[in-house]
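Here's the structure we're looking at; comments come further down.
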Amino acid sequence: MLDIKLIRENPDYVRQRLATRGAGDEELIQTILQNDERRRKTLAEVEALKAERNRVSKEIGALMAQKQTADAEARKKETRELGDRIAKLDKDAKAFELARDEVMLRLPNLPHETVPVGRSAEENVVVRTHGEKPEFAYQPKSHVELCENLKLVDFARAAKLSGSGFLLYTNWGAKLERTMIQFLLDLHTKEHGYTEVSPPFLVAPHCLEGVGQFPKFKDQYYGIAEGDDTSKLGHLYLIPTAETPVANIHREEILKETQLPIHYCAYTPCFRGEAGAAGVGTRGMIRVHQFDKVELIKIVKPEEGYDELEKMVANAERVLQLLGLHYRVVQLCTGDMGFASAKTYDIEVWSPGQGSYLEVSSVSNCEDFQARRMNLRFKTASGENRFPHVLNGSGTALARLFVALVETHQQADGSVKIPMPLRAFLGTDRISP
């Protein structure tokens with residue numbers, strides 16, 4: 001959530017930054033300011049009436065002391081009327097506040113000044129590339145053909161179990177998936193200094209609101225009912241990413257400055273309806289409703305937010321470097337960034353079988369946007385309560401990493417060579433037909 005003080009004091013700046021996203025959100029600022037002004041005006045009137053009621057109450061005491069009972073009773077009636085007016089105005093002020101905040105929850109974060117202005121992914125900027133695209137003396141197979149030949153994934157039976165957009169890993173495929181999760185967690189905890197957590201896979205709506213996924217994207221997630229009790233539907237949701245529970249771990253807390261920075265990593269499955277998304281329902285692993293991911297979360301002091309962003313990107317890049325995969329780092333333009341992000345880098349790995357890059361990590365600094373929604377603060381040494389920066393990044397996502405790995409390391413005989421860092425986990429150097 002944006003700072004209402006910033007909107008009040010510099011509305012034109014807020015409008016200008018929102019306009020760079022190209023979604024028309026700057027038009028909501030006027031509604032927010034109107035409701036905010038009505039609330040403040042109403043509260044000022046409440047304070048004036050309370051002062052008047054206090055004055056009259058003192059007069060009642062004086063009149064009673066002077067035995068002027070009739071005048072005292074008249075004054076008591078006046079205080080009751082003032083109380084009724086105060087109660088009504090308090091209710092009005094609350095209504096204006098709710099109306100203001102409802103609109104504010106729909107406002108995305110302001111893009112950082114260093115983010116390139118653009119309307120779509122075509123205007124994203126390639127920051128750097130690593131390695132070379134692998135060359136083959138033959139036409140490389142797609143992951144679908146490799147997975148079927150090597151019996152790594154059973155696409156047909158997964159569809160029989162759950163419908164399109166789901167995967168059934170089998171034999172070496174299941175072992176490879178589990179191996180990559182273990183490799184990612186060990187890398188980030190042992191080498192990059194993150195603390196591993198294992199959060200719930202179901203969360204309450206306020207967690208989704210806290211990270212900015214609700215209310216705007218509510219149609220993309222799976223609400224849960226208990227049995228056939230539809231009255232419980234929406235009390236809990238399957239998580240779309242580990243960011244949802246992990247970023248909320250310290251919600252509504254005031255941390256000590258000495259507790260920062262906090263670095264968490266977590267493995268979870270991720271569940272997404274992908275409402276309206278192209279590609280769901282086609283065979284393969286590029287876009288599915290359930291996939292595994294290791295997520296990175298940082299809670300840091302604001303002055304350290306952007307240094308920590310670059311470090312988090314490097315942490316995610318290290319995964320692909322160790323696995324011998326060609327990739328590029330892309331800075332997203334204003335029109336392609338996520339709702340809560342102030343600045344985002346995507347890491348896209350090369351997929352030989354697809355002949356294209358696939359996003360396997362998105363790393364963002366949300367600044368204090370999520371912290372405000374979660375009411376997460378830290379107390380400085382001077383006693384001031386401040387909102388920290390909250391960062392999130394994929395470290396990385398599967399199944400696209402699985403796709404890039406089997407396609408990149410496929411061999412002419414149809415086997416897949418296993419990268420050195422995974423061999424000790426998996427117990428083999430090659431998966432053969």
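Lettering and numbering for the structure tokens are positional, with chains as A, B, ... in the shown order, residues counted from 1 in each chain, and ligands counted from 1 in the shown order.
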
**Request:** Extract, using only C-alpha atoms, all DNA, RNA and protein residues at most 10 Å from region 377-391 of chain A, discarding same-chain residues fewer than 3 positions from it, and format them as a VMD selection string.
**Result:** chain A and resid 211 243 247 250 to 263 296 to 306 308 to 309 312 341 to 344 363 to 372 374

What does the file look like for those residues with C-alpha atoms, as a compact mmCIF listing (two decimals), in the first residue's frame?
```
# COMPACT_ATOMS: atom_id res chain seq x y z
CA VAL A 211 1.69 -9.18 -0.35
CA GLU A 243 6.25 -15.50 -0.84
CA ALA A 247 6.72 -12.54 3.69
CA HIS A 250 6.36 -10.98 10.84
CA ARG A 251 3.13 -9.20 9.91
CA GLU A 252 1.74 -6.86 12.58
CA GLU A 253 5.08 -6.98 14.45
CA ILE A 254 7.56 -4.29 15.42
CA LEU A 255 11.01 -5.80 14.98
CA LYS A 256 14.18 -4.54 16.60
CA GLU A 257 16.58 -2.86 14.21
CA THR A 258 19.21 -5.38 15.30
CA GLN A 259 17.02 -8.22 13.92
CA LEU A 260 17.51 -6.91 10.38
CA PRO A 261 18.34 -8.05 7.80
CA ILE A 262 16.18 -11.20 7.80
CA HIS A 263 16.81 -13.68 4.97
CA LEU A 296 13.84 -16.21 -1.31
CA ILE A 297 12.57 -13.45 0.99
CA LYS A 298 14.47 -10.54 2.53
CA ILE A 299 13.29 -8.00 5.11
CA VAL A 300 15.85 -5.20 5.28
CA LYS A 301 16.37 -1.57 6.26
CA PRO A 302 15.22 0.79 3.47
CA GLU A 303 18.70 2.17 2.83
CA GLU A 304 19.91 -1.38 2.08
CA GLY A 305 17.00 -2.45 -0.14
CA TYR A 306 18.59 -1.99 -3.55
CA GLU A 308 20.14 -6.48 -1.32
CA LEU A 309 18.14 -6.69 -4.57
CA MET A 312 19.39 -11.68 -4.46
CA SER A 341 7.07 -4.35 -7.21
CA ALA A 342 9.07 -1.14 -7.36
CA LYS A 343 11.86 -2.75 -9.40
CA THR A 344 12.12 -6.25 -10.90
CA VAL A 363 13.40 -10.91 -8.25
CA SER A 364 11.77 -7.76 -6.88
CA ASN A 365 12.18 -5.04 -4.31
CA CYS A 366 8.70 -4.07 -3.14
CA GLU A 367 10.17 -1.32 -0.94
CA ASP A 368 7.72 -0.64 1.94
CA PHE A 369 4.60 -1.41 -0.13
CA GLN A 370 4.00 -4.87 1.35
CA ALA A 371 5.22 -3.88 4.82
CA ARG A 372 2.51 -1.20 4.99
CA MET A 374 1.05 -6.12 6.60
```

**Exercise: region 144-147 of chain A partners within 8 Å, only C-alpha atoms, chain neighbours under 5 positions left out, as JSON, numbers by chain** = {"A": [152, 153, 154, 173, 283, 284, 285, 406, 407, 414]}

Report as a compact mmCIF listing (two decimals) with N, CA and C atoms, in the first residue's frame all protein, DNA and RNA residues lying within 7 Å of Glu196 (chain A), evaluated on only C-alpha atoms, omitting residues in the same chain fewer than 6 positions from it.
```txt
# COMPACT_ATOMS: atom_id res chain seq x y z
N THR A 189 20.99 -21.94 1.74
CA THR A 189 21.22 -21.91 3.19
C THR A 189 22.70 -22.00 3.53
N TYR A 264 15.09 -15.33 4.46
CA TYR A 264 14.42 -16.62 4.53
C TYR A 264 14.44 -17.29 3.16
N CYS A 265 14.47 -18.62 3.16
CA CYS A 265 14.19 -19.37 1.93
C CYS A 265 13.25 -20.51 2.29
N ALA A 266 12.44 -20.90 1.32
CA ALA A 266 11.44 -21.94 1.58
C ALA A 266 11.13 -22.69 0.30
```

**Complete:** From the list A:Lys91, A:Lys133, A:Lys232, A:His206, the nearest residue to Ser356 (chain A) using only C-alpha atoms is A:Lys133

**Request:** Please run DSSP on the backbone and report, as a ChimeraX atom specification, all residues within region 158-312 of chain A that come out as strand (DSSP E).
**Result:** /A:195-196,202-203,223-224,236-238,254-256,262-271,290-300
